[in-house]
file data_27.pdb (PDB, C-alpha atoms)
ATOM      1  CA  MET A 902     -10.277   9.460  15.867
ATOM      2  CA  ILE A 903      -8.300   9.117  12.628
ATOM      3  CA  ASN A 904      -9.787   6.304  10.566
ATOM      4  CA  VAL A 905      -7.064   5.009   8.240
ATOM      5  CA  LEU A 906      -9.163   3.330   5.575
ATOM      6  CA  CYS A 907      -7.882   0.387   3.541
ATOM      7  CA  THR A 908      -9.839  -1.072   0.593
ATOM      8  CA  SER A 909      -6.904  -2.824  -1.126
ATOM      9  CA  LYS A 910      -5.983  -6.494  -1.144
ATOM     10  CA  PRO A 911      -4.041  -7.942   1.786
ATOM     11  CA  VAL A 912      -0.249  -7.666   1.367
ATOM     12  CA  ASP A 913      -0.760  -4.762  -1.050
ATOM     13  CA  GLY A 914       1.690  -1.947  -0.300
ATOM     14  CA  LEU A 915      -1.099   0.465   0.600
ATOM     15  CA  MET A 916      -2.414  -1.960   3.194
ATOM     16  CA  TYR A 917       0.986  -2.087   4.870
ATOM     17  CA  TYR A 918       1.413   1.690   4.787
ATOM     18  CA  SER A 919      -2.084   2.023   6.284
ATOM     19  CA  TYR A 920      -1.217  -0.203   9.218
ATOM     20  CA  GLU A 921       2.169   1.396   9.790
ATOM     21  CA  TYR A 922       0.771   4.915   9.921
ATOM     22  CA  THR A 923      -2.071   3.770  12.165
ATOM     23  CA  SER A 924       0.502   2.355  14.549
ATOM     24  CA  TYR A 925       2.725   5.430  14.382
ATOM     25  CA  LEU A 926      -0.113   7.904  14.980
ATOM     26  CA  ASN A 927      -1.131   5.994  18.101
ATOM     27  CA  SER A 928       2.498   5.919  19.293
ATOM     28  CA  ILE A 929       2.641   9.740  19.279
ATOM     29  CA  GLY A 930      -0.676  10.144  21.069
ATOM     30  CA  ILE A 931      -3.082  10.567  18.128
ATOM     31  CA  SER A 932      -5.978   8.108  18.312
ATOM     32  CA  ALA A 933      -6.196   6.104  15.096
ATOM     33  CA  GLN A 934      -7.733   2.876  13.892
ATOM     34  CA  MET A 935      -7.236   1.015  10.637
ATOM     35  CA  VAL A 936     -10.602   0.315   9.031
ATOM     36  CA  ILE A 937     -10.401  -2.508   6.491
ATOM     37  CA  ILE A 938     -13.166  -2.946   3.922
ATOM     38  CA  ARG A 939     -12.068  -6.196   2.418
ATOM     39  CA  HIS A 940     -11.556  -6.999  -1.247
ATOM     40  CA  ARG A 941     -14.216  -9.440  -2.452
ATOM     41  CA  ASN A 942     -11.665 -12.275  -2.923
ATOM     42  CA  PHE A 943     -10.368 -12.172   0.662
ATOM     43  CA  ASN A 944     -11.813 -12.648   4.127
ATOM     44  CA  HIS A 945     -11.007 -10.862   7.389
ATOM     45  CA  GLU A 946      -8.525 -13.546   8.423
ATOM     46  CA  ALA A 947      -6.372 -12.971   5.332
ATOM     47  CA  TYR A 948      -5.810  -9.345   6.348
ATOM     48  CA  LEU A 949      -5.117 -10.149   9.990
ATOM     49  CA  ASN A 950      -2.667 -12.884   8.985
ATOM     50  CA  ALA A 951      -0.828 -10.533   6.617
ATOM     51  CA  ILE A 952      -0.403  -7.994   9.428
ATOM     52  CA  SER A 953       0.556 -10.585  12.050
ATOM     53  CA  HIS A 954       3.165 -12.166   9.775
ATOM     54  CA  LYS A 955       4.938  -8.856   9.183
ATOM     55  CA  TYR A 956       4.664  -6.888  12.418
ATOM     56  CA  ILE A 957       5.344  -7.366  16.108
ATOM     57  CA  HIS A 958       1.690  -6.630  16.885
ATOM     58  CA  CYS A 959      -1.750  -6.524  15.280
ATOM     59  CA  LYS A 960      -3.948  -3.965  17.014
ATOM     60  CA  ASN A 961      -6.298  -1.055  16.331
ATOM     61  CA  VAL A 962      -7.665  -2.949  13.320
ATOM     62  CA  VAL A 963     -11.415  -3.059  12.654
ATOM     63  CA  PHE A 964     -13.613  -4.014   9.755
ATOM     64  CA  GLU A 965     -17.082  -3.024   8.547
ATOM     65  CA  TYR A 966     -18.447  -2.945  12.100
ATOM     66  CA  ALA A 967     -16.194   0.021  13.006
ATOM     67  CA  SER A 968     -17.592   2.744  15.219
ATOM     68  CA  ILE A 969     -17.434   6.110  13.417
ATOM     69  CA  ASN A 970     -18.230   9.552  14.808
ATOM     70  CA  ASP A 971     -19.019  12.783  12.988
ATOM     71  CA  GLU A 972     -15.881  14.412  14.412
ATOM     72  CA  ASP A 973     -13.594  11.727  12.958
ATOM     73  CA  VAL A 974     -11.207  12.210  10.052
ATOM     74  CA  THR A 975     -10.672   9.589   7.337
ATOM     75  CA  LEU A 976      -7.113   9.116   6.050
ATOM     76  CA  ILE A 977      -6.365   7.199   2.853
ATOM     77  CA  MET A 978      -2.765   6.434   1.907
ATOM     78  CA  GLY A 979      -3.591   6.781  -1.788
ATOM     79  CA  ARG A 980      -6.517   8.145  -3.773
ATOM     80  CA  SER A 981      -7.064   4.685  -5.249
ATOM     81  CA  MET A 982      -8.530   3.604  -1.901
ATOM     82  CA  MET A 983     -11.522   5.776  -2.705
ATOM     83  CA  THR A 984     -11.578   5.133  -6.449
ATOM     84  CA  LEU A 985     -11.489   1.345  -6.265
ATOM     85  CA  SER A 986     -14.146   1.233  -3.546
ATOM     86  CA  TRP A 987     -16.444   3.268  -5.795
ATOM     87  CA  PHE A 988     -15.629   1.134  -8.828
ATOM     88  CA  ASN A 989     -16.358  -2.095  -6.890
ATOM     89  CA  PHE A 990     -19.160  -0.718  -4.725
ATOM     90  CA  LYS A 991     -21.688  -3.338  -5.852
ATOM     91  CA  ASP A 992     -19.374  -6.111  -4.617
ATOM     92  CA  TYR A 993     -19.637  -5.015  -0.978
ATOM     93  CA  ASN A 994     -22.341  -6.159   1.411
ATOM     94  CA  HIS A 995     -24.806  -3.688   2.899
ATOM     95  CA  ARG A 996     -22.778  -3.038   6.047
ATOM     96  CA  GLU A 997     -19.581  -2.480   4.055
ATOM     97  CA  GLN A 998     -21.367  -0.065   1.710
ATOM     98  CA  LYS A 999     -22.789   1.807   4.668
ATOM     99  CA  ILE A1000     -19.421   2.239   6.422
ATOM    100  CA  LEU A1001     -17.735   3.308   3.179
ATOM    101  CA  LYS A1002     -20.305   6.038   2.655
ATOM    102  CA  ARG A1003     -19.973   7.136   6.268
ATOM    103  CA  LEU A1004     -16.176   7.329   6.109
ATOM    104  CA  PHE A1005     -15.932   9.040   2.742
ATOM    105  CA  SER A1006     -18.771  11.501   3.295
ATOM    106  CA  ASN A1007     -16.918  12.880   6.306
ATOM    107  CA  LYS A1008     -13.655  14.861   6.466
ATOM    108  CA  VAL A1009     -10.947  13.178   4.366
ATOM    109  CA  ILE A1010      -7.159  13.401   4.027
ATOM    110  CA  ALA A1011      -5.969  11.807   0.783
ATOM    111  CA  VAL A1012      -2.397  11.008  -0.196
ATOM    112  CA  TYR A1013      -2.245  12.334  -3.750
ATOM    113  CA  SER A1014      -1.912   9.878  -6.648
ATOM    114  CA  GLU A1015      -2.796   9.866 -10.330
ATOM    115  CA  ASN A1016      -3.762   6.239 -10.911
ATOM    116  CA  HIS A1017      -7.354   6.869 -11.991
ATOM    117  CA  PRO A1018      -7.828  10.588 -12.768
ATOM    118  CA  ILE A1019     -11.331  10.289 -14.268
ATOM    119  CA  ASP A1020     -12.660   7.583 -11.961
ATOM    120  CA  TYR A1021     -11.371   9.458  -8.914
ATOM    121  CA  VAL A1022     -13.558  12.431  -9.828
ATOM    122  CA  ASN A1023     -16.502  10.040 -10.210
ATOM    123  CA  ALA A1024     -15.744   8.582  -6.786
ATOM    124  CA  LEU A1025     -15.571  12.048  -5.254
ATOM    125  CA  ASN A1026     -18.956  12.934  -6.740
ATOM    126  CA  PHE A1027     -20.417   9.661  -5.488
ATOM    127  CA  TYR A1028     -19.214   9.942  -1.886
ATOM    128  CA  ALA A1029     -19.329  13.763  -1.660
ATOM    129  CA  PRO A1030     -16.949  14.256   1.306
ATOM    130  CA  SER A1031     -17.799  17.252   3.470
ATOM    131  CA  LYS A1032     -14.204  18.426   3.146
ATOM    132  CA  ILE A1033     -11.066  16.920   1.630
ATOM    133  CA  VAL A1034      -7.387  17.848   1.914
ATOM    134  CA  ASP A1035      -4.528  16.402  -0.145
ATOM    135  CA  VAL A1036      -0.954  15.676   0.852
ATOM    136  CA  CYS A1037       1.546  14.891  -1.882
ATOM    137  CA  ASP A1038       5.023  13.532  -2.601
ATOM    138  CA  TYR A1039       6.183  16.105  -5.146
ATOM    139  CA  GLU A1040       9.230  14.071  -6.173
ATOM    140  CA  VAL A1041       6.822  11.444  -7.500
ATOM    141  CA  TYR A1042       3.953  13.781  -8.515
ATOM    142  CA  PRO A1043       5.412  17.213  -9.381
ATOM    143  CA  ARG A1044       1.969  18.463 -10.483
ATOM    144  CA  GLY A1045       0.176  17.293  -7.350
ATOM    145  CA  THR A1046      -1.607  19.282  -4.661
ATOM    146  CA  GLY A1047      -1.330  19.710  -0.909
ATOM    147  CA  GLU A1048       1.495  19.854   1.598
ATOM    148  CA  HIS A1049       4.591  17.751   0.856
ATOM    149  CA  PHE A1050       4.393  14.252   2.336
ATOM    150  CA  GLU A1051       6.526  11.154   1.770
ATOM    151  CA  LYS A1052       5.224   7.660   2.460
ATOM    152  CA  ARG A1053       7.834   5.940   4.593
ATOM    153  CA  ILE A1054       8.075   2.499   6.154
ATOM    154  CA  ASN A1055       7.695   2.030   9.897
ATOM    155  CA  PHE A1056      10.556  -0.427  10.344
ATOM    156  CA  GLU A1057      10.321  -0.084  14.123
ATOM    157  CA  ILE A1058       7.350  -2.474  14.199
ATOM    158  CA  TYR A1059       8.768  -5.055  11.766
ATOM    159  CA  LYS A1060       9.259  -8.599  12.990
ATOM    160  CA  PRO A1061      12.841  -9.808  12.564
ATOM    161  CA  PHE A1062      13.247 -12.197   9.651
ATOM    162  CA  GLU A1063      15.539 -15.182   9.309
ATOM    163  CA  ASP A1064      17.539 -15.844   6.148
ATOM    164  CA  LYS A1065      16.252 -19.143   4.793
ATOM    165  CA  ILE A1066      17.090 -18.614   1.133
ATOM    166  CA  GLN A1067      14.830 -20.593  -1.202
ATOM    167  CA  PHE A1068      15.984 -18.943  -4.449
ATOM    168  CA  LYS A1069      18.532 -16.279  -5.387
ATOM    169  CA  TYR A1070      16.329 -13.781  -7.252
ATOM    170  CA  LEU A1071      12.873 -12.400  -6.479
ATOM    171  CA  PHE A1072      10.593 -10.793  -9.075
ATOM    172  CA  MET A1073       7.369  -8.857  -8.425
ATOM    173  CA  GLY A1074       4.344 -10.161 -10.321
ATOM    174  CA  THR A1075       1.342  -9.056  -8.278
ATOM    175  CA  ASN A1076      -0.630  -7.873 -11.299
ATOM    176  CA  ASP A1077      -0.692  -8.847 -14.960
ATOM    177  CA  LYS A1078       1.503  -5.929 -16.072
ATOM    178  CA  TYR A1079       4.176  -6.520 -13.429
ATOM    179  CA  TYR A1080       4.123 -10.231 -14.219
ATOM    180  CA  ALA A1081       4.522  -9.655 -17.973
ATOM    181  CA  THR A1082       7.554  -7.403 -17.540
ATOM    182  CA  ALA A1083       9.208  -9.897 -15.190
ATOM    183  CA  GLU A1084       8.707 -12.671 -17.746
ATOM    184  CA  LYS A1085      10.693 -10.719 -20.346
ATOM    185  CA  VAL A1086      13.934 -11.402 -18.445
ATOM    186  CA  ILE A1087      13.099 -14.201 -16.044
ATOM    187  CA  LYS A1088      14.764 -16.899 -18.195
ATOM    188  CA  CYS A1089      18.109 -15.199 -17.566
ATOM    189  CA  PHE A1090      17.652 -15.859 -13.847
ATOM    190  CA  PRO A1091      16.632 -19.527 -13.491
ATOM    191  CA  ASP A1092      17.108 -19.554  -9.717
ATOM    192  CA  HIS A1093      14.107 -17.307  -9.116
ATOM    193  CA  GLY A1094      10.781 -16.851  -7.390
ATOM    194  CA  ILE A1095       8.012 -14.555  -8.630
ATOM    195  CA  LEU A1096       5.782 -12.985  -5.995
ATOM    196  CA  THR A1097       2.162 -13.062  -7.126
ATOM    197  CA  TYR A1098      -1.477 -13.826  -6.482
ATOM    198  CA  ASP A1099      -3.037 -17.037  -7.762
ATOM    199  CA  GLU A1100      -4.629 -15.395 -10.800
ATOM    200  CA  LYS A1101      -5.278 -16.343 -14.441
ATOM    201  CA  TYR A1102      -2.234 -14.474 -15.769
ATOM    202  CA  ILE A1103       0.353 -16.615 -13.973
ATOM    203  CA  ASN A1104       2.607 -19.000 -15.894
ATOM    204  CA  PRO A1105       2.776 -22.348 -14.063
ATOM    205  CA  SER A1106       6.266 -22.998 -15.460
ATOM    206  CA  ASN A1107       7.622 -20.189 -13.279
ATOM    207  CA  ASN A1108       8.432 -20.615  -9.613
ATOM    208  CA  ASN A1109       5.374 -18.692  -8.423
ATOM    209  CA  VAL A1110       5.333 -17.702  -4.756
ATOM    210  CA  PHE A1111       1.819 -16.871  -3.640
ATOM    211  CA  VAL A1112       1.125 -14.152  -1.092
ATOM    212  CA  PRO A1113       0.800 -13.812   1.842
ATOM    213  CA  ILE A1114       4.227 -15.205   2.772
ATOM    214  CA  GLN A1115       5.769 -15.450   6.198
ATOM    215  CA  ASN A1116       9.403 -14.362   6.340
ATOM    216  CA  LEU A1117       9.322 -12.947   2.781
ATOM    217  CA  LEU A1118      12.534 -10.946   3.199
ATOM    218  CA  GLY A1119      14.356 -14.085   4.293
ATOM    219  CA  ILE A1120      13.590 -16.349   1.315
ATOM    220  CA  PHE A1121      15.560 -14.540  -1.416
ATOM    221  CA  ASP A1122      18.940 -12.923  -1.880
ATOM    222  CA  THR A1123      18.454 -10.273  -4.613
ATOM    223  CA  TYR A1124      15.368  -8.314  -5.705
ATOM    224  CA  ILE A1125      15.051  -7.693  -9.445
ATOM    225  CA  TYR A1126      12.972  -4.599 -10.196
ATOM    226  CA  THR A1127      11.412  -4.762 -13.680
ATOM    227  CA  LYS A1128       8.179  -2.743 -13.504
ATOM    228  CA  GLU A1129       7.553  -0.719 -16.670
ATOM    229  CA  THR A1130       4.258   0.879 -15.630
ATOM    230  CA  PHE A1131       3.982   3.795 -13.206
ATOM    231  CA  ASP A1132       4.924   2.774  -9.681
ATOM    232  CA  PRO A1133       3.940   5.222  -6.909
ATOM    233  CA  ALA A1134       5.765   3.794  -3.861
ATOM    234  CA  PRO A1135       7.761   0.549  -4.248
ATOM    235  CA  ARG A1136       8.113  -0.713  -0.697
ATOM    236  CA  LEU A1137      10.338  -3.687  -1.505
ATOM    237  CA  ILE A1138      13.103  -1.395  -2.796
ATOM    238  CA  GLN A1139      13.189   0.406   0.542
ATOM    239  CA  GLU A1140      12.969  -2.855   2.487
ATOM    240  CA  CYS A1141      15.957  -4.263   0.609
ATOM    241  CA  LYS A1142      17.893  -1.051   1.208
ATOM    242  CA  TYR A1143      17.131  -1.145   4.921
ATOM    243  CA  TYR A1144      18.218  -4.774   5.306
ATOM    244  CA  GLY A1145      21.168  -4.593   2.904
ATOM    245  CA  LYS A1146      19.776  -6.911   0.239
ATOM    246  CA  PRO A1147      21.020  -6.331  -3.340
ATOM    247  CA  ILE A1148      18.684  -4.751  -5.925
ATOM    248  CA  LEU A1149      18.984  -5.160  -9.694
ATOM    249  CA  TYR A1150      17.191  -2.199 -11.282
ATOM    250  CA  LEU A1151      16.278  -3.666 -14.686
ATOM    251  CA  ARG A1152      13.941  -1.093 -16.196
ATOM    252  CA  ASP A1153      14.197   1.980 -18.372
ATOM    253  CA  LYS A1154      16.088   4.496 -16.237
ATOM    254  CA  CYS A1155      14.324   7.331 -18.086
ATOM    255  CA  ILE A1156      11.063   6.438 -16.323
ATOM    256  CA  THR A1157      10.468   8.923 -13.514
ATOM    257  CA  ASP A1158       8.087   7.719 -10.805
ATOM    258  CA  GLY A1159       8.181   6.217  -7.350
ATOM    259  CA  GLY A1160      10.527   3.508  -8.609
ATOM    260  CA  SER A1161      13.255   5.939  -9.621
ATOM    261  CA  VAL A1162      12.660   8.158  -6.570
ATOM    262  CA  TYR A1163      12.648   5.361  -3.985
ATOM    263  CA  ASN A1164      15.673   3.741  -5.600
ATOM    264  CA  LYS A1165      17.650   6.928  -4.842
ATOM    265  CA  ARG A1166      15.880   8.001  -1.642
ATOM    266  CA  PRO A1167      17.624   7.107   1.634
ATOM    267  CA  ILE A1168      15.794   5.398   4.475
ATOM    268  CA  LYS A1169      13.988   7.998   6.602
ATOM    269  CA  SER A1170      11.891   7.889   9.749
ATOM    270  CA  LEU A1171       8.165   8.595   9.503
ATOM    271  CA  ASP A1172       7.168  12.247   9.413
ATOM    272  CA  VAL A1173       3.458  12.990   9.882
ATOM    273  CA  THR A1174       3.727  16.776  10.023
ATOM    274  CA  ALA A1175       1.675  17.150   6.834
ATOM    275  CA  ILE A1176      -1.020  14.821   8.204
ATOM    276  CA  ILE A1177      -1.217  16.697  11.498
ATOM    277  CA  ASN A1178      -1.441  20.023   9.650
ATOM    278  CA  SER A1179      -4.233  18.579   7.508
ATOM    279  CA  ILE A1180      -6.126  17.421  10.590
ATOM    280  CA  ILE A1181      -5.902  20.952  11.971
ATOM    281  CA  LYS A1182      -7.318  22.331   8.713
ATOM    282  CA  LEU A1183     -10.218  19.891   8.795
ATOM    283  CA  VAL A1184     -11.282  20.221  12.423
TER     284      VAL A1184
END

call {"tool": "encode", "arguments": {"input": "data_27.pdb", "output": "structure tokens"}}
result
Amino acid sequence: MINVLCTSKPVDGLMYYSYEYTSYLNSIGISAQMVIIRHRNFNHEAYLNAISHKYIHCKNVVFEYASINDEDVTLIMGRSMMTLSWFNFKDYNHREQKILKRLFSNKVIAVYSENHPIDYVNALNFYAPSKIVDVCDYEVYPRGTGEHFEKRINFEIYKPFEDKIQFKYLFMGTNDKYYATAEKVIKCFPDHGILTYDEKYINPSNNNVFVPIQNLLGIFDTYIYTKETFDPAPRLIQECKYYGKPILYLRDKCITDGGSVYNKRPIKSLDVTAIINSIIKLV
């Protein structure tokens, strides 16, 4: 069994990638389950609703009561899944702490990222996996480790959306840094919505659209990309490309990260060769 572990918030990009790869692995005959250890601000239903709103099915999803065997392999779609669980370990209940330790002390495949270089080492020391193998997107992380691997979107399981435009422009504001950069230009685009969580940093004078949202791709016309901080894998750029929605790339074009890479990268089908090769190495 491949346990695709998710410790992020619902509707976070890593949660979606986790579900999509769980689904794809099962479709090619590799047993996989998505194990969600929820963020403290969200319940189980929030995750299941986020998946059900976006995909044609919601299956092979378990929570802290997951059954784990010693022969299993844990797959995380970004190192931050381990780092943030360590950083917030005290916020989990006893069962969640127990399953996290079980999953991360076993054999692990980690999609390389550089979000928390020091804390990731601390998390590794805390969980002490028996063996860990990296896979890496070298266009985004040229100094990474492991076999080349690109996170791609499993559009085959997307629900169709219906264009019911509520505003012309969509901004991303799902953390305080993203929100601040959007606000620098948002006055130039009065017919806008800003995708966000209901957090302290939001400005009530903006048209804030709180996640999760059904039919997200159908409520706007143009996505405005403004992120100034490092962005590993901007899903919404690829989603807009796939569905032919315009993108305004309003950020420093000298920044090289997932934003610049995914803005140029064509839509590709999922390729799990690097994951399969990593499984072989681990077992």

call {"tool": "atom_distance", "arguments": {"input": "data_27.pdb", "atom1": "CA of Thr1127 in chain A", "atom2": "CA of Val1112 in chain A"}}
result
18.8 Å

call {"tool": "closest_atom_pairs", "arguments": {"input": "data_27.pdb", "of": "range 1106-1163 of chain A", "to": "range 1089-1095 of chain A", "cutoff": "9 Å", "atoms": "all atoms listed in the file", "output": "JSON lines"}}
result
{"residue": "A:Asn1107", "atom": "CA", "partner": "A:Ile1095", "partner_atom": "CA", "distance": 7.3}
{"residue": "A:Asn1108", "atom": "CA", "partner": "A:Gly1094", "partner_atom": "CA", "distance": 5.0}
{"residue": "A:Asn1109", "atom": "CA", "partner": "A:Ile1095", "partner_atom": "CA", "distance": 4.9}
{"residue": "A:Val1110", "atom": "CA", "partner": "A:Ile1095", "partner_atom": "CA", "distance": 5.7}
{"residue": "A:Phe1111", "atom": "CA", "partner": "A:Ile1095", "partner_atom": "CA", "distance": 8.3}
{"residue": "A:Phe1121", "atom": "CA", "partner": "A:Gly1094", "partner_atom": "CA", "distance": 8.0}

call {"tool": "resolve_selection", "arguments": {"input": "data_27.pdb", "expression": "the PyMOL selection byres ((chain A and resi 1137) around 10)", "output": "list in words"}}
result
Gly914, Met1073, Leu1118, Tyr1124, Tyr1126, Ala1134, Pro1135, Arg1136, Ile1138, Gln1139, Glu1140, Cys1141, Lys1142, Tyr1143, Ile1148 and Tyr1163 of chain A

call {"tool": "atom_distance", "arguments": {"input": "data_27.pdb", "atom1": "CA of Phe943 in chain A", "atom2": "CA of Thr1130 in chain A"}}
result
25.5 Å

call {"tool": "residues_around", "arguments": {"input": "data_27.pdb", "residues": "Gly1047 in chain A", "least_positions_apart": "2", "cutoff": "10 Å", "atoms": "only C-alpha atoms", "output": "PyMOL selection string"}}
result
chain A and resi 1010-1013+1034-1039+1045+1049-1050+1175+1179

call {"tool": "atom_distance", "arguments": {"input": "data_27.pdb", "atom1": "CA of Arg1166 in chain A", "atom2": "CA of Thr923 in chain A"}}
result
23.0 Å

call {"tool": "resolve_selection", "arguments": {"input": "data_27.pdb", "expression": "the PyMOL selection byres ((chain A and resi 980) around 9)", "output": "PDB file with C-alpha atoms, in the coordinates of the input"}}
result
ATOM      1  CA  ILE A 977      -6.365   7.199   2.853  1.00  0.00           C
ATOM      2  CA  MET A 978      -2.765   6.434   1.907  1.00  0.00           C
ATOM      3  CA  GLY A 979      -3.591   6.781  -1.788  1.00  0.00           C
ATOM      4  CA  SER A 981      -7.064   4.685  -5.249  1.00  0.00           C
ATOM      5  CA  MET A 982      -8.530   3.604  -1.901  1.00  0.00           C
ATOM      6  CA  MET A 983     -11.522   5.776  -2.705  1.00  0.00           C
ATOM      7  CA  THR A 984     -11.578   5.133  -6.449  1.00  0.00           C
ATOM      8  CA  LEU A 985     -11.489   1.345  -6.265  1.00  0.00           C
ATOM      9  CA  ALA A1011      -5.969  11.807   0.783  1.00  0.00           C
ATOM     10  CA  VAL A1012      -2.397  11.008  -0.196  1.00  0.00           C
ATOM     11  CA  TYR A1013      -2.245  12.334  -3.750  1.00  0.00           C
ATOM     12  CA  SER A1014      -1.912   9.878  -6.648  1.00  0.00           C
ATOM     13  CA  GLU A1015      -2.796   9.866 -10.330  1.00  0.00           C
ATOM     14  CA  ASN A1016      -3.762   6.239 -10.911  1.00  0.00           C
ATOM     15  CA  HIS A1017      -7.354   6.869 -11.991  1.00  0.00           C
ATOM     16  CA  TYR A1021     -11.371   9.458  -8.914  1.00  0.00           C
TER      17      TYR A1021
END

call {"tool": "closest_residue", "arguments": {"input": "data_27.pdb", "among": "A:Ile1180, A:Ala933, A:Cys907, A:Leu949", "to": "Val1009 in chain A", "atoms": "all atoms listed in the file"}}
result
A:Ile1180

call {"tool": "closest_residue", "arguments": {"input": "data_27.pdb", "among": "A:Pro1018, A:Pro1061, A:Gly1159, A:Gly930", "to": "Val1041 in chain A", "atoms": "all atoms listed in the file"}}
result
A:Gly1159

call {"tool": "resolve_selection", "arguments": {"input": "data_27.pdb", "expression": "the PyMOL selection byres ((chain A and resi 1055) around 9)", "output": "short mmCIF file (atom, residue, chain, number, x, y, z; two decimals) with C-alpha atoms, in the frame of the given file"}}
result
data_model
loop_
_atom_site.label_atom_id
_atom_site.label_comp_id
_atom_site.auth_asym_id
_atom_site.auth_seq_id
_atom_site.Cartn_x
_atom_site.Cartn_y
_atom_site.Cartn_z
CA TYR A 918 1.41 1.69 4.79
CA GLU A 921 2.17 1.40 9.79
CA TYR A 922 0.77 4.92 9.92
CA SER A 924 0.50 2.36 14.55
CA TYR A 925 2.72 5.43 14.38
CA ARG A 1053 7.83 5.94 4.59
CA ILE A 1054 8.07 2.50 6.15
CA PHE A 1056 10.56 -0.43 10.34
CA GLU A 1057 10.32 -0.08 14.12
CA ILE A 1058 7.35 -2.47 14.20
CA TYR A 1059 8.77 -5.06 11.77
CA SER A 1170 11.89 7.89 9.75
CA LEU A 1171 8.16 8.60 9.50
#

call {"tool": "closest_residue", "arguments": {"input": "data_27.pdb", "among": "A:His954, A:Lys1065, A:Lys1008, A:His940", "to": "Phe988 in chain A", "atoms": "only C-alpha atoms"}}
result
A:His940

call {"tool": "residues_around", "arguments": {"input": "data_27.pdb", "residues": "Lys991 in chain A", "least_positions_apart": "6", "cutoff": "12 Å", "atoms": "only C-alpha atoms", "output": "VMD selection string"}}
result
chain A and resid 940 to 941 985 997 to 999 1001

call {"tool": "write_last_selection", "arguments": {"input": "data_27.pdb", "atoms": "C-alpha atoms", "output": "PDB file, in the frame of the given file"}}
result
ATOM      1  CA  HIS A 940     -11.556  -6.999  -1.247  1.00  0.00           C
ATOM      2  CA  ARG A 941     -14.216  -9.440  -2.452  1.00  0.00           C
ATOM      3  CA  LEU A 985     -11.489   1.345  -6.265  1.00  0.00           C
ATOM      4  CA  GLU A 997     -19.581  -2.480   4.055  1.00  0.00           C
ATOM      5  CA  GLN A 998     -21.367  -0.065   1.710  1.00  0.00           C
ATOM      6  CA  LYS A 999     -22.789   1.807   4.668  1.00  0.00           C
ATOM      7  CA  LEU A1001     -17.735   3.308   3.179  1.00  0.00           C
TER       8      LEU A1001
END

call {"tool": "residues_near_point", "arguments": {"input": "data_27.pdb", "point": "(-14.0, 14.4, 9.0)", "cutoff": "7 Å", "atoms": "all atoms listed in the file", "output": "number ranges by chain"}}
result
A: 971-975, 1007-1009, 1183

call {"tool": "closest_residue", "arguments": {"input": "data_27.pdb", "among": "A:Tyr1098, A:Tyr1042, A:Trp987, A:Tyr1028", "to": "Pro1113 in chain A", "atoms": "all atoms listed in the file"}}
result
A:Tyr1098

call {"tool": "closest_residue", "arguments": {"input": "data_27.pdb", "among": "A:Ala1024, A:Ala1083, A:Val1162, A:Ile1103", "to": "Pro1133 in chain A", "atoms": "all atoms listed in the file"}}
result
A:Val1162
